[in-house]
Amino acid sequence: MEMTLPQRRRRRPSLTPMIDVVFLLLVFFMLASQFGKDQAVTLPILGGDASAKYSGPPRLITVRGDTVLLNGAPMELTRAIKNLQTLTTKPDDIIVLRGGEDASTQNMLDVFSALQGAGFSTVVMVE
């Protein structure tokens, strides 16, 4: 007499624990990641009588897209910084920075940080 074992029904694996694990991983990575870092740029604030502090030759830098104009003359940024060094007597002389028609905020910040990197401590942005 042969004994037959009852056939086991194949059990399908439950997907609920796997979905829970994926959800927990998703929440973990969303909370642990940084999507971008905010940076702050400090600009000097001049009082209402700012024209009294300005002395010397004009030092106006206009940013237009990828080009830079120093007192209306287009030139590369490195050349403009060298020319600015001849136009200033001390590092805290005021440099006026103005955005042109198609200047982006990133272009303005690039020029601003290049000026600060060259040692110019007083850069004033105008509209």
# chains A, B, ... in the order shown; residues from 1 in each chain; ligands from 1
call {"tool": "select_by_dssp", "arguments": {"residues": "chain A", "states": "alpha helix (DSSP H)", "output": "PyMOL selection string"}}
result
chain A and resi 16-32+77-87+105-117
call {"tool": "write_last_selection", "arguments": {"atoms": "C-alpha atoms", "output": "short mmCIF file (atom, residue, chain, number, x, y, z; two decimals), in the first residue's frame"}}
result
data_model
loop_
_atom_site.label_atom_id
_atom_site.label_comp_id
_atom_site.auth_asym_id
_atom_site.auth_seq_id
_atom_site.Cartn_x
_atom_site.Cartn_y
_atom_site.Cartn_z
CA THR A 16 3.30 43.51 1.17
CA PRO A 17 6.62 43.24 3.10
CA MET A 18 8.59 44.14 -0.01
CA ILE A 19 6.40 47.20 -0.62
CA ASP A 20 6.91 48.23 3.02
CA VAL A 21 10.68 47.96 2.68
CA VAL A 22 10.69 49.97 -0.57
CA PHE A 23 8.53 52.64 1.06
CA LEU A 24 10.84 52.85 4.07
CA LEU A 25 13.89 53.15 1.80
CA LEU A 26 12.17 55.88 -0.20
CA VAL A 27 11.34 57.85 2.94
CA PHE A 28 14.88 57.38 4.28
CA PHE A 29 16.56 58.67 1.12
CA MET A 30 14.14 61.57 0.79
CA LEU A 31 14.92 62.70 4.33
CA ALA A 32 18.67 62.03 4.17
CA LEU A 77 36.66 89.61 -17.13
CA THR A 78 40.34 89.06 -16.28
CA ARG A 79 41.34 92.10 -18.32
CA ALA A 80 38.58 94.17 -16.72
CA ILE A 81 39.87 93.22 -13.26
CA LYS A 82 43.43 94.23 -14.24
CA ASN A 83 42.13 97.57 -15.54
CA LEU A 84 40.13 98.06 -12.34
CA GLN A 85 43.27 97.63 -10.30
CA THR A 86 44.78 100.59 -12.13
CA LEU A 87 41.60 102.65 -11.57
CA THR A 105 21.74 86.07 -11.91
CA GLN A 106 24.46 83.44 -12.26
CA ASN A 107 26.48 85.72 -14.57
CA MET A 108 26.17 88.54 -12.04
CA LEU A 109 27.27 86.27 -9.18
CA ASP A 110 30.23 84.97 -11.21
CA VAL A 111 31.46 88.51 -11.86
CA PHE A 112 30.75 89.50 -8.25
CA SER A 113 32.73 86.58 -6.83
CA ALA A 114 35.60 87.22 -9.29
CA LEU A 115 35.76 90.83 -8.10
CA GLN A 116 35.79 89.76 -4.47
CA GLY A 117 38.42 87.15 -5.25
#
call {"tool": "residues_around", "arguments": {"residues": "A:Met125", "least_positions_apart": "2", "cutoff": "7 Å", "atoms": "only C-alpha atoms", "output": "PDB file with all heavy atoms, in the first residue's frame"}}
result
ATOM      1  N   VAL A  96      31.069  99.669  -9.081  1.00  0.00           N
ATOM      2  CA  VAL A  96      29.641  99.625  -9.381  1.00  0.00           C
ATOM      3  C   VAL A  96      29.409  98.509 -10.393  1.00  0.00           C
ATOM      4  O   VAL A  96      30.022  98.478 -11.457  1.00  0.00           O
ATOM      5  CB  VAL A  96      29.142 100.980  -9.932  1.00  0.00           C
ATOM      6  CG1 VAL A  96      27.659 100.910 -10.230  1.00  0.00           C
ATOM      7  CG2 VAL A  96      29.443 102.090  -8.952  1.00  0.00           C
ATOM      8  N   LEU A  97      28.514  97.600 -10.049  1.00  0.00           N
ATOM      9  CA  LEU A  97      28.196  96.446 -10.888  1.00  0.00           C
ATOM     10  C   LEU A  97      26.750  96.559 -11.335  1.00  0.00           C
ATOM     11  O   LEU A  97      25.852  96.711 -10.514  1.00  0.00           O
ATOM     12  CB  LEU A  97      28.420  95.149 -10.094  1.00  0.00           C
ATOM     13  CG  LEU A  97      28.216  93.832 -10.809  1.00  0.00           C
ATOM     14  CD1 LEU A  97      29.198  93.677 -11.956  1.00  0.00           C
ATOM     15  CD2 LEU A  97      28.386  92.685  -9.834  1.00  0.00           C
ATOM     16  N   ARG A  98      26.545  96.489 -12.651  1.00  0.00           N
ATOM     17  CA  ARG A  98      25.199  96.640 -13.197  1.00  0.00           C
ATOM     18  C   ARG A  98      24.914  95.493 -14.164  1.00  0.00           C
ATOM     19  O   ARG A  98      25.782  95.106 -14.943  1.00  0.00           O
ATOM     20  CB  ARG A  98      25.086  97.978 -13.933  1.00  0.00           C
ATOM     21  CG  ARG A  98      23.720  98.197 -14.577  1.00  0.00           C
ATOM     22  CD  ARG A  98      23.625  99.549 -15.198  1.00  0.00           C
ATOM     23  NE  ARG A  98      24.560  99.637 -16.310  1.00  0.00           N
ATOM     24  CZ  ARG A  98      24.728 100.725 -17.039  1.00  0.00           C
ATOM     25  NH1 ARG A  98      24.065 101.815 -16.770  1.00  0.00           N
ATOM     26  NH2 ARG A  98      25.582 100.729 -18.039  1.00  0.00           N
ATOM     27  N   VAL A 123      31.751  96.141  -3.525  1.00  0.00           N
ATOM     28  CA  VAL A 123      31.096  96.032  -4.829  1.00  0.00           C
ATOM     29  C   VAL A 123      29.634  96.352  -4.613  1.00  0.00           C
ATOM     30  O   VAL A 123      28.970  95.725  -3.784  1.00  0.00           O
ATOM     31  CB  VAL A 123      31.261  94.620  -5.434  1.00  0.00           C
ATOM     32  CG1 VAL A 123      30.554  94.521  -6.761  1.00  0.00           C
ATOM     33  CG2 VAL A 123      32.739  94.289  -5.576  1.00  0.00           C
ATOM     34  N   GLU A 127      20.690  98.886 -10.362  1.00  0.00           N
ATOM     35  CA  GLU A 127      19.735  98.407 -11.351  1.00  0.00           C
ATOM     36  C   GLU A 127      19.894  99.123 -12.646  1.00  0.00           C
ATOM     37  O   GLU A 127      20.269 100.241 -12.751  1.00  0.00           O
ATOM     38  CB  GLU A 127      18.326  98.620 -10.799  1.00  0.00           C
ATOM     39  CG  GLU A 127      17.288  97.872 -11.555  1.00  0.00           C
ATOM     40  CD  GLU A 127      15.944  97.987 -10.861  1.00  0.00           C
ATOM     41  OE1 GLU A 127      15.853  98.558  -9.779  1.00  0.00           O
ATOM     42  OE2 GLU A 127      14.998  97.487 -11.437  1.00  0.00           O
TER      43      GLU A 127
END
call {"tool": "atom_distance", "arguments": {"atom1": "atom CA of A:Val63", "atom2": "atom CA of A:Gly99"}}
result
4.9 Å
call {"tool": "closest_residue", "arguments": {"among": "A:Thr122, A:Ser33, A:Asn71, A:Thr62", "to": "A:Ile94", "atoms": "only C-alpha atoms"}}
result
A:Thr122
